[in-house]
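Colleague: Next up is a structure, given as structure tokens.
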Amino acid sequence: MVKVAGDRDNPLSGGFTCPKGRHGADFHNDERRLRTAQRRRPDGGFDAVDVDDAIDEIAGRLRSIIAEHGVEAVGVFQGTQSAFAAITRPFLQAWTRALGTHKLFSTMTIDQSAKWIVPLRMGEYLGGRQRFDDSDVWMLSGTNPLVSLNAGYLDGALVHDPAARLRSAQNRGLKLIVIDPRRTETAARADLHIQPAPGHDALVFAGLLNVLFGEDLYDAEFCAAFVEDLDELRALVATATPDNVELRAGIPAEELRAAARIFGQAERGMLSTGTGVCMGPNSNVAEHLATCINVVCGRYLRAGEPTGMPSMLQTIGIARAEVAPPHRTWEHGFRSRIGDVGLLHDELPCGIFAEEVLEPGSDRVRALIVVGANPAAAIPDRKLTGRALDSLDLLVTVDPRISETGTRAHYIIAPTLWFERADHTAVLESLFPVPYAQYTPAVVEPGPGVIEDWQFLYRLARALGLTLDFAGRTLDMVHEPTSDELLDMLAAAGRIPLDVVQQHEHGMKAPRSGATVAPGRTEATAKLQLVPDDVSDEYAAALQRSALAAPTKDYPLVLVVRRMREVMNSYGRDITGLPNHTYNPAHINPDDMAALGLSDLQIITVRSPHGAIQAVAHGDAKVRSGVLSMTHCWGGPAEADSDPTDGGSNVNHLLTTSTDFEAINRMPTMSAVRVSVSATASEP
Ligand SMILES: Nc1nc2c(c(=O)[nH]1)N[C@H]1C(S)=C(S)[C@@H](COP(=O)(O)OP(=O)(O)OC[C@H]3O[C@@H](n4cnc5c(=O)[nH]c(N)nc54)[C@H](O)[C@@H]3O)O[C@H]1N2
Ligand SMILES: Nc1nc2c(c(=O)[nH]1)N[C@H]1C(S)=C(S)[C@@H](COP(=O)(O)OP(=O)(O)OC[C@H]3O[C@@H](n4cnc5c(=O)[nH]c(N)nc54)[C@H](O)[C@@H]3O)O[C@H]1N2
Ligand SMILES: [Mo]
């Protein structure tokens, strides 16, 4: 591979690429990229091994673990990069189902799984969300899509070329409101930027609701039709007056009122959140109240409106103007012996991962298969996570690199990368602004030691005597399918046949289906429950707990999350010419730097109640005073990171999974965490 460039003839992207994509060739050609499977030696080094021999050996060790301890002793961990090939995620789920273990973990439970919990507790309006393209307001809280390309779901918000799309929306009159303690790239373009102290989102959203109710800026008709308990919500937020919010969250009461007025007076447009909200303290109730704002303002499609579904290779169910009732999956079925935690979307939360491995018990996790993830870097309480990974009888990673997790693995399987595999866009459709699909064949040959993520799982299943059900079919476990056959199966129920999409080399845009939101059925009488008992308890707790996010004398700053444009979590840190630094800077407001006696580029020690790291201080006026903004997943493989200037530091040393977590998803508090900062006495 020589070069990667955007495709100007692509009807969706118009050639927009991100820096990581443009460096695609460097990821492929990197000398550290694995080109064959690896087996660990007793001395900790690795030997190349034939991939099918590795799979046989892994199967042998799994068989004896299962014979002695049962299938629950086998865990599966899927990460972010398992979501970037259409086949991998559903294949991994098929594999886990076939084995029968409940020990499935994914990074969603250290990400935005509050978004899973809200509809399961509130119920869900099935007409669909209003869409970005015909909205006159959009409110973003705790998300910076201009860098993260993180956006709403099924609302066509800012994924591709977000700066240009935002500009054209603002040119046609859209008002953008951003709530973020940092003046982000997105906030800099906002019509109104509210810069709160971190960790008070539940209260800020309650304050917005308070004004929406107080000034009659809500959609009474939508609420009468679809909401069960509007008065309870009104009562819940009664004390969240703009003046009270100002006291806690440090935003002028007038700004909160202005935001509520701009949002409430607009006709269309949604509030959408990101990791800043979903990783903070009280994240589940905060996300719940964010959704309440959309509900109360009726920002959903009504019967007769064109559906928002951009379906092409997938068919997303019928949109109806009715409510699906709450469905608290975690209250039924399998329960973990750790904390009596139940399943959320068939997963156990990362917050109990280490204990699932370390705590004695007959179904303790002893073997772990990790696909497209780097849990050693990604899960809070790095020391505990490391100890758990080190104590496994069998750890296998499927990863093109020897990651922090990989250094601890017994086997590493070398997978194909983006340009070495056929793929299509079915799994991404819900993020697209318009119906769009693309199929791309592999453009370079993978080497002989490299296989597809799914091939590892298929061959391992075959060696274990398992039969896989994938995309509604039972796979032939004798003759290995091809990727193209599997991609076909995934697209079989689509609106547009895959072979039609395949004729469009640059990608295919299609008109919307013409389907409209169907009227609600008479038998569908469920209504949205905005204030179930546990939500109201969590709100009361949030009012108490949000005080914990305030700086104190011992901990004068508050650590918050951020993304780095040139890196995808832990992936890309060491690609030459990609990130701007060889470390992850600690961004601090210059006034705080001066008050703490720190200078730019000084090595500092950042301490939380749970741990300490060293970091490089960067004065940054975009960060609100009192805030330390630092990205995650940097730092070396060791428990204590060695050189803060070369490799950076892992903020998960500062976080814990043992206290400060949410109910249901065990989401640890990963943002708005109190820290202290001091000059590091000597060079590390
Ligand atoms: N370039 C790049 N893109 C990525 C990633 C990456 O690593 N690099 N990671 C991907 C992944 S895995 C994810 S999950 C998404 C995440 O995507 P986003 O959620 O958009 O992530 P961020 O860009 O970090 O935006 C979070 C924002 O929350 C703000 N914030 C911090 N604390 C608070 C608070 O208490 N309240 C409020 N309201 N805001 C707060 C931060 O200042 C920050 O600007 O990004 C994806 N995209
Ligand atoms: N403190 C703190 N911790 C965080 C966060 C935070 O904001 N703050 N963010 C959290 C979030 S939102 C997330 S999503 C997680 C991220 O957690 P993970 O998903 O565990 O981390 P990544 O670095 O995205 O891991 C991707 C791994 O996949 C490998 N990989 C790349 N391409 C492929 C491929 O094609 N196939 C396979 N099999 N592997 C591949 C990479 O080498 C890398 O090791 O981190 C979480 N941790
Ligand atoms: Mo994420």
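To be explicit about the labels: the chains of the structure tokens are called A, B, and onward in the order shown, and within each one the residues are counted from 1, while ligands get numbers from 1 in the order they are shown.
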Find the nearest atom pair between each residue of chain A and ligand 1 for residues within 6 Å, count only C-alpha atoms and all ligand atoms, give distances in Å to one decimal, sort rows by chain and ascending number, and present the table as a Markdown table.

Modeller:
```
| residue | atom | partner | partner_atom_place_in_ligand_line | distance |
| --- | --- | --- | --- | --- |
| A:Asp111 | CA | ligand 1 | 14 (S) | 5.5 |
| A:Ser141 | CA | ligand 1 | 38 (N) | 4.4 |
| A:Gly142 | CA | ligand 1 | 39 (N) | 3.2 |
| A:Thr143 | CA | ligand 1 | 20 (O) | 3.4 |
| A:Asn144 | CA | ligand 1 | 23 (O) | 4.0 |
| A:Pro145 | CA | ligand 1 | 20 (O) | 4.9 |
| A:Val147 | CA | ligand 1 | 1 (N) | 5.4 |
| A:Ser148 | CA | ligand 1 | 3 (N) | 3.5 |
| A:Leu149 | CA | ligand 1 | 47 (N) | 5.5 |
| A:Asn150 | CA | ligand 1 | 17 (O) | 4.6 |
| A:Ile179 | CA | ligand 1 | 38 (N) | 5.0 |
| A:Asp180 | CA | ligand 1 | 39 (N) | 4.1 |
| A:Pro181 | CA | ligand 1 | 42 (O) | 5.4 |
| A:Arg182 | CA | ligand 1 | 42 (O) | 4.7 |
| A:Thr184 | CA | ligand 1 | 44 (O) | 5.7 |
| A:Pro198 | CA | ligand 1 | 35 (O) | 3.3 |
| A:Gly199 | CA | ligand 1 | 35 (O) | 3.8 |
| A:Asp201 | CA | ligand 1 | 36 (N) | 5.6 |
| A:Gly274 | CA | ligand 1 | 19 (O) | 3.5 |
| A:Thr275 | CA | ligand 1 | 19 (O) | 3.7 |
| A:Gly276 | CA | ligand 1 | 28 (O) | 3.3 |
| A:Val277 | CA | ligand 1 | 36 (N) | 5.1 |
| A:Gly280 | CA | ligand 1 | 35 (O) | 5.6 |
| A:Val560 | CA | ligand 1 | 31 (C) | 4.7 |
| A:Val561 | CA | ligand 1 | 31 (C) | 5.1 |
| A:Arg562 | CA | ligand 1 | 24 (O) | 3.3 |
| A:Arg563 | CA | ligand 1 | 24 (O) | 4.0 |
| A:Met564 | CA | ligand 1 | 8 (N) | 4.8 |
| A:Arg565 | CA | ligand 1 | 1 (N) | 3.4 |
| A:Glu566 | CA | ligand 1 | 1 (N) | 5.4 |
| A:Val567 | CA | ligand 1 | 8 (N) | 4.8 |
| A:Met568 | CA | ligand 1 | 7 (O) | 3.5 |
| A:Asn569 | CA | ligand 1 | 7 (O) | 3.8 |
| A:Ser671 | CA | ligand 1 | 32 (N) | 5.6 |
| A:Ala672 | CA | ligand 1 | 35 (O) | 5.6 |
```

Colleague: DSSP says strand (DSSP E or B) for which residues of region 278-472 of chain A? Put them as a PyMOL selection string?

Modeller: chain A and resi 300+306+320-321+323-324+335+342+344+347+367-371+394-398+411-413+415+423-424+436-437+439-440+451+469-470

Colleague: With ligand 3 as the partner and 7 Å as the cut-off, tabulate the residues of chain A that qualify, each row holding the nearest pair of atoms and their distance in Å to one decimal, using only C-alpha atoms and all ligand atoms, sorted by chain and rising number, as CSV.

Modeller:
```
residue,atom,partner,partner_atom_place_in_ligand_line,distance
A:Thr80,CA,ligand 3,1 (Mo),6.5
A:Thr107,CA,ligand 3,1 (Mo),6.6
A:Met108,CA,ligand 3,1 (Mo),6.6
A:Asp111,CA,ligand 3,1 (Mo),5.0
```

Colleague: Output C-alpha atoms for every residue in that selection, as a compact mmCIF listing (two decimals), in the first residue's frame.

Modeller:
```txt
# COMPACT_ATOMS: atom_id res chain seq x y z
CA THR A 80 -14.39 -0.78 19.38
CA THR A 107 -16.67 -1.51 25.74
CA MET A 108 -20.25 -0.19 25.56
CA ASP A 111 -18.90 4.16 27.09
```

Colleague: Calculated over only C-alpha atoms and all ligand atoms, which of the candidates A:Ala524, A:Cys292, A:Met670, A:Val675 has the smallest distance to ligand 2?

Modeller: A:Met670

Colleague: Show me, as a VMD selection string, the residues that have an atom within 6 Å of region 351-363 of chain A when counting only C-alpha atoms, minus same-chain residues fewer than 2 positions from it.

Modeller: chain A and resid 72 to 73 349 365 385 388 657 666

Colleague: Could you write out that same residue set with C-alpha atoms as a CSV table (one decimal), in the first residue's frame?

Modeller:
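Resulting contents of out-v3.csv:
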```csv
chain,number,residue,atom,x,y,z
A,72,GLU,CA,-19.3,-19.9,32.1
A,73,ALA,CA,-15.6,-20.1,32.7
A,349,PRO,CA,-20.7,-4.8,32.5
A,365,VAL,CA,-13.8,-16.5,34.2
A,385,THR,CA,-7.7,-5.0,35.4
A,388,ALA,CA,-7.2,-9.9,36.4
A,657,THR,CA,-14.5,0.3,39.5
A,666,ARG,CA,-22.0,-0.6,36.8
```

Colleague: Which one is closest to ligand 2: A:Ala491, A:Ile604, A:Ala25, A:Val398? Count only C-alpha atoms and all ligand atoms.

Modeller: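 Looking at the shortest contact to ligand 2, the residue is A:Val398.
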
Colleague: For ligand 2, collect every residue having any atom at a distance of at most 6 Å from a ligand atom (counting only C-alpha atoms and all ligand atoms); output as a PyMOL selection string.

Modeller: chain A and resi 79-81+107+110-111+371-375+378-380+398-401+403+415-417+453+561+568-571+632+651-652+670

Colleague: Now that the selection is made, can you save its residues with N, CA, C and O atoms as a compact mmCIF listing (two decimals), in the first residue's frame?

Modeller:
```txt
# COMPACT_ATOMS: atom_id res chain seq x y z
N GLY A 79 -14.37 -5.16 21.50
CA GLY A 79 -14.02 -3.75 21.61
C GLY A 79 -14.45 -2.95 20.41
O GLY A 79 -15.16 -3.44 19.52
N THR A 80 -13.99 -1.74 20.40
CA THR A 80 -14.39 -0.78 19.38
C THR A 80 -14.09 -1.27 17.96
O THR A 80 -14.89 -1.11 17.05
N GLN A 81 -12.91 -1.89 17.79
CA GLN A 81 -12.53 -2.27 16.43
C GLN A 81 -13.25 -3.54 15.97
O GLN A 81 -13.10 -3.93 14.82
N THR A 107 -17.04 -2.85 25.27
CA THR A 107 -16.67 -1.51 25.74
C THR A 107 -17.88 -0.60 25.88
O THR A 107 -17.76 0.49 26.44
N ILE A 110 -18.31 0.78 29.25
CA ILE A 110 -17.44 1.86 29.74
C ILE A 110 -17.53 3.00 28.73
O ILE A 110 -16.56 3.71 28.45
N ASP A 111 -18.72 3.16 28.14
CA ASP A 111 -18.90 4.16 27.09
C ASP A 111 -20.26 4.82 27.34
O ASP A 111 -20.41 5.53 28.33
N VAL A 371 -11.53 -9.58 21.15
CA VAL A 371 -11.53 -9.26 19.72
C VAL A 371 -11.67 -7.75 19.52
O VAL A 371 -12.67 -7.14 19.93
N GLY A 372 -10.65 -7.15 18.92
CA GLY A 372 -10.72 -5.72 18.60
C GLY A 372 -10.80 -4.83 19.81
O GLY A 372 -11.37 -3.75 19.74
N ALA A 373 -10.22 -5.27 20.91
CA ALA A 373 -10.30 -4.51 22.16
C ALA A 373 -8.95 -4.51 22.86
O ALA A 373 -8.10 -5.36 22.59
N ASN A 374 -8.82 -3.57 23.76
CA ASN A 374 -7.60 -3.46 24.54
C ASN A 374 -7.97 -3.16 25.99
O ASN A 374 -7.69 -2.07 26.51
N PRO A 375 -8.62 -4.14 26.65
CA PRO A 375 -9.13 -3.87 28.00
C PRO A 375 -8.06 -3.44 28.99
O PRO A 375 -8.36 -2.68 29.91
N ALA A 378 -8.13 0.16 28.55
CA ALA A 378 -9.40 0.88 28.46
C ALA A 378 -10.24 0.88 29.74
O ALA A 378 -11.07 1.76 29.93
N ILE A 379 -10.06 -0.12 30.61
CA ILE A 379 -10.97 -0.24 31.76
C ILE A 379 -10.39 0.52 32.96
O ILE A 379 -9.20 0.41 33.24
N PRO A 380 -11.23 1.31 33.63
CA PRO A 380 -10.78 1.98 34.85
C PRO A 380 -10.22 1.00 35.88
O PRO A 380 -10.57 -0.18 35.87
N VAL A 398 -7.31 -11.17 19.46
CA VAL A 398 -7.29 -11.08 18.00
C VAL A 398 -6.99 -9.63 17.72
O VAL A 398 -7.83 -8.76 17.98
N ASP A 399 -5.78 -9.33 17.27
CA ASP A 399 -5.33 -7.94 17.24
C ASP A 399 -4.13 -7.80 16.31
O ASP A 399 -3.22 -8.62 16.37
N PRO A 400 -4.11 -6.78 15.46
CA PRO A 400 -2.97 -6.62 14.56
C PRO A 400 -1.70 -6.16 15.27
O PRO A 400 -0.64 -6.08 14.65
N ARG A 401 -1.80 -5.84 16.55
CA ARG A 401 -0.63 -5.35 17.28
C ARG A 401 -0.52 -6.12 18.60
O ARG A 401 -1.47 -6.73 19.06
N SER A 403 -0.82 -5.36 21.85
CA SER A 403 -1.34 -4.25 22.66
C SER A 403 -0.94 -4.46 24.12
O SER A 403 -0.34 -5.47 24.47
N PRO A 415 -5.17 -10.43 12.56
CA PRO A 415 -6.31 -10.29 11.65
C PRO A 415 -6.01 -9.40 10.44
O PRO A 415 -5.06 -8.63 10.44
N THR A 416 -6.88 -9.51 9.44
CA THR A 416 -6.81 -8.60 8.29
C THR A 416 -7.12 -7.18 8.75
O THR A 416 -7.81 -6.97 9.75
N LEU A 417 -6.62 -6.20 8.02
CA LEU A 417 -6.97 -4.79 8.27
C LEU A 417 -7.91 -4.31 7.17
O LEU A 417 -8.21 -5.02 6.21
N ASP A 453 -11.13 -11.73 11.24
CA ASP A 453 -11.61 -11.90 12.62
C ASP A 453 -12.60 -13.06 12.71
O ASP A 453 -12.51 -13.91 13.59
N VAL A 561 -13.03 13.79 30.39
CA VAL A 561 -12.67 13.03 29.18
C VAL A 561 -12.52 13.96 27.97
O VAL A 561 -13.08 15.06 27.94
N MET A 568 -7.45 6.71 17.66
CA MET A 568 -8.72 6.06 18.00
C MET A 568 -8.48 5.27 19.28
O MET A 568 -7.93 4.16 19.23
N ASN A 569 -8.89 5.82 20.38
CA ASN A 569 -8.62 5.21 21.69
C ASN A 569 -7.14 4.84 21.79
O ASN A 569 -6.31 5.72 21.76
N SER A 570 -6.80 3.55 21.87
CA SER A 570 -5.37 3.20 21.99
C SER A 570 -4.71 2.98 20.64
O SER A 570 -3.52 2.69 20.57
N TYR A 571 -5.46 3.11 19.56
CA TYR A 571 -4.96 2.70 18.25
C TYR A 571 -4.47 3.91 17.47
O TYR A 571 -5.24 4.84 17.24
N HIS A 632 -7.63 9.31 27.07
CA HIS A 632 -7.46 8.00 27.69
C HIS A 632 -6.63 7.07 26.80
O HIS A 632 -6.30 7.41 25.67
N VAL A 651 -4.94 7.45 32.16
CA VAL A 651 -5.78 8.04 33.21
C VAL A 651 -6.56 6.98 33.98
O VAL A 651 -7.11 7.28 35.05
N ASN A 652 -6.60 5.76 33.47
CA ASN A 652 -7.34 4.73 34.21
C ASN A 652 -6.66 4.32 35.51
O ASN A 652 -7.25 3.63 36.33
N MET A 670 -16.00 8.13 35.12
CA MET A 670 -14.76 8.26 34.35
C MET A 670 -14.48 9.69 33.96
O MET A 670 -13.44 10.01 33.38
```

Colleague: Name the residues of region 350-564 of chain A that come out as alpha helix (DSSP H) in a backbone DSSP run; write them as a ChimeraX atom specification.

Modeller: /A:353-358,375-378,382-390,453-464,483-490,498-502,533-545

Colleague: Find the spatial neighbours of Ala235 (chain A), counting only C-alpha atoms, within a cut-off of 12 Å - ignore same-chain residues fewer than 6 positions away - and output them as a list in words.

Modeller: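 Everything that qualifies: Ala206, Leu209, Asn210, Phe213, Gly214, Asp229, Thr241, Leu530, Val531 and Ser536 of chain A.
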
Colleague: Kindly save the residues from that selection, with N, CA and C atoms included, as a PDB file, in the first residue's frame.

Modeller:
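Written out: again-v6.pdb:
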```
ATOM      1  N   ALA A 206     -32.241  19.000  34.338  1.00  0.00           N
ATOM      2  CA  ALA A 206     -33.426  19.290  35.152  1.00  0.00           C
ATOM      3  C   ALA A 206     -33.738  20.785  35.083  1.00  0.00           C
ATOM      4  N   LEU A 209     -35.465  21.563  31.883  1.00  0.00           N
ATOM      5  CA  LEU A 209     -36.870  21.121  31.973  1.00  0.00           C
ATOM      6  C   LEU A 209     -37.674  22.102  32.825  1.00  0.00           C
ATOM      7  N   ASN A 210     -37.063  22.562  33.899  1.00  0.00           N
ATOM      8  CA  ASN A 210     -37.732  23.511  34.784  1.00  0.00           C
ATOM      9  C   ASN A 210     -38.186  24.750  33.998  1.00  0.00           C
ATOM     10  N   PHE A 213     -40.980  23.871  31.363  1.00  0.00           N
ATOM     11  CA  PHE A 213     -42.303  23.796  32.011  1.00  0.00           C
ATOM     12  C   PHE A 213     -42.775  25.190  32.422  1.00  0.00           C
ATOM     13  N   GLY A 214     -41.866  25.924  33.086  1.00  0.00           N
ATOM     14  CA  GLY A 214     -42.241  27.218  33.651  1.00  0.00           C
ATOM     15  C   GLY A 214     -42.696  28.204  32.591  1.00  0.00           C
ATOM     16  N   ASP A 229     -46.655  10.151  32.994  1.00  0.00           N
ATOM     17  CA  ASP A 229     -46.459  10.807  34.288  1.00  0.00           C
ATOM     18  C   ASP A 229     -45.783  12.181  34.153  1.00  0.00           C
ATOM     19  N   THR A 241     -34.324  25.288  39.728  1.00  0.00           N
ATOM     20  CA  THR A 241     -34.492  26.608  39.107  1.00  0.00           C
ATOM     21  C   THR A 241     -33.154  27.057  38.532  1.00  0.00           C
ATOM     22  N   LEU A 530     -41.703   8.611  32.559  1.00  0.00           N
ATOM     23  CA  LEU A 530     -40.570   9.526  32.696  1.00  0.00           C
ATOM     24  C   LEU A 530     -39.932   9.462  34.083  1.00  0.00           C
ATOM     25  N   VAL A 531     -40.708   9.093  35.079  1.00  0.00           N
ATOM     26  CA  VAL A 531     -40.153   9.092  36.441  1.00  0.00           C
ATOM     27  C   VAL A 531     -40.435   7.778  37.170  1.00  0.00           C
ATOM     28  N   SER A 536     -36.234   8.464  40.100  1.00  0.00           N
ATOM     29  CA  SER A 536     -36.413   9.559  41.048  1.00  0.00           C
ATOM     30  C   SER A 536     -35.448   9.410  42.221  1.00  0.00           C
TER      31      SER A 536
END
```

Colleague: Just want the 9 Å neighbourhood of Arg33 (chain A), counted on only C-alpha atoms, with same-chain residues fewer than 2 positions away dropped. Output as a ChimeraX atom specification.

Modeller: /A:27-31,35,400-402,414

Colleague: Write to file, as an mmCIF file, in the first residue's frame, the residues of the selection just made, with C-alpha atoms.

Modeller:
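Contents of result-v9.cif, freshly written:
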```
data_model
loop_
_atom_site.group_PDB
_atom_site.id
_atom_site.type_symbol
_atom_site.label_atom_id
_atom_site.label_comp_id
_atom_site.auth_asym_id
_atom_site.auth_seq_id
_atom_site.Cartn_x
_atom_site.Cartn_y
_atom_site.Cartn_z
ATOM 1 C CA PHE A 27 -1.265 1.214 9.808
ATOM 2 C CA HIS A 28 -0.908 -1.547 7.210
ATOM 3 C CA ASN A 29 2.791 -1.172 6.571
ATOM 4 C CA ASP A 30 3.832 -0.566 10.178
ATOM 5 C CA GLU A 31 6.691 -2.860 11.146
ATOM 6 C CA ARG A 35 1.641 -10.758 10.038
ATOM 7 C CA PRO A 400 -2.972 -6.619 14.564
ATOM 8 C CA ARG A 401 -0.631 -5.351 17.284
ATOM 9 C CA ILE A 402 0.816 -6.558 20.563
ATOM 10 C CA ALA A 414 -3.175 -11.594 13.445
#
```

Colleague: Figure out the distance between CA of Pro306 (chain A) and CA of Phe226 (chain A), please, to one decimal in Å.

Modeller: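 Here the two named atoms are 19.5 Å from each other.
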
Colleague: For a quick check of understanding, using only C-alpha atoms, which of A:Leu468, A:Val370, A:Ala377, A:Ala224 has the smallest distance to Ala409 (chain A)?

Modeller: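 Distance minimum relative to Ala409 (chain A) lands on A:Val370.
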
Colleague: In terms of the shortest atom-to-atom distance over only C-alpha atoms, which of A:Ser272, A:Thr474, A:Thr516, A:Gln455 is closest to Val51 (chain A)?

Modeller: A:Gln455

Colleague: Rank nothing, just name the residue among A:Ala518, A:Leu466, A:Val137, A:Leu428 nearest to Glu305 (chain A), using only C-alpha atoms.

Modeller: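 Closest to Glu305 (chain A), using only C-alpha atoms: A:Ala518.
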
Colleague: What does the distance between CA of Ile338 (chain A) and CA of Ser658 (chain A) come to in Å, to one decimal place?

Modeller: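 So the answer is 11.5 Å.
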
Colleague: For Asn10 (chain A), find every residue with an atom within 9 Å (counting only C-alpha atoms), except residues of its own chain fewer than 5 positions away, and show them as a PDB file with N, CA and C atoms, in the first residue's frame.

Modeller:
```
ATOM      1  N   GLY A  15     -15.426  12.829  -0.450  1.00  0.00           N
ATOM      2  CA  GLY A  15     -13.969  12.803  -0.320  1.00  0.00           C
ATOM      3  C   GLY A  15     -13.483  13.143   1.069  1.00  0.00           C
ATOM      4  N   GLU A 505     -19.431   1.546  -7.647  1.00  0.00           N
ATOM      5  CA  GLU A 505     -18.085   1.464  -7.102  1.00  0.00           C
ATOM      6  C   GLU A 505     -17.821   2.545  -6.056  1.00  0.00           C
ATOM      7  N   HIS A 506     -18.368   3.738  -6.278  1.00  0.00           N
ATOM      8  CA  HIS A 506     -18.097   4.864  -5.375  1.00  0.00           C
ATOM      9  C   HIS A 506     -19.108   4.955  -4.243  1.00  0.00           C
ATOM     10  N   GLY A 507     -19.991   3.982  -4.162  1.00  0.00           N
ATOM     11  CA  GLY A 507     -21.037   4.029  -3.139  1.00  0.00           C
ATOM     12  C   GLY A 507     -22.346   4.480  -3.751  1.00  0.00           C
ATOM     13  N   MET A 508     -23.447   4.078  -3.142  1.00  0.00           N
ATOM     14  CA  MET A 508     -24.759   4.321  -3.733  1.00  0.00           C
ATOM     15  C   MET A 508     -25.660   5.070  -2.759  1.00  0.00           C
TER      16      MET A 508
END
```

Colleague: Quick one: residues within 8 Å of region 193-196 of chain A, only C-alpha atoms, excluding same-chain residues fewer than 5 positions away - as a list of chain:residue names?

Modeller: A:Ile177, A:Val178, A:Ile179, A:Asp180, A:Pro181, A:Arg182, A:Arg183, A:Ala187, A:Ala188, A:Ala249, A:Gly250, A:Ile251, A:Glu255, A:Leu256, A:Arg624

Colleague: Of the residues A:Leu344, A:Val159, A:Thr482, A:Gln38, which is the one nearest to Phe16 (chain A), using only C-alpha atoms?

Modeller: A:Val159

Colleague: What is the distance between CA of Asn589 (chain A) and CA of Leu146 (chain A), in Å to one decimal?

Modeller: 21.5 Å
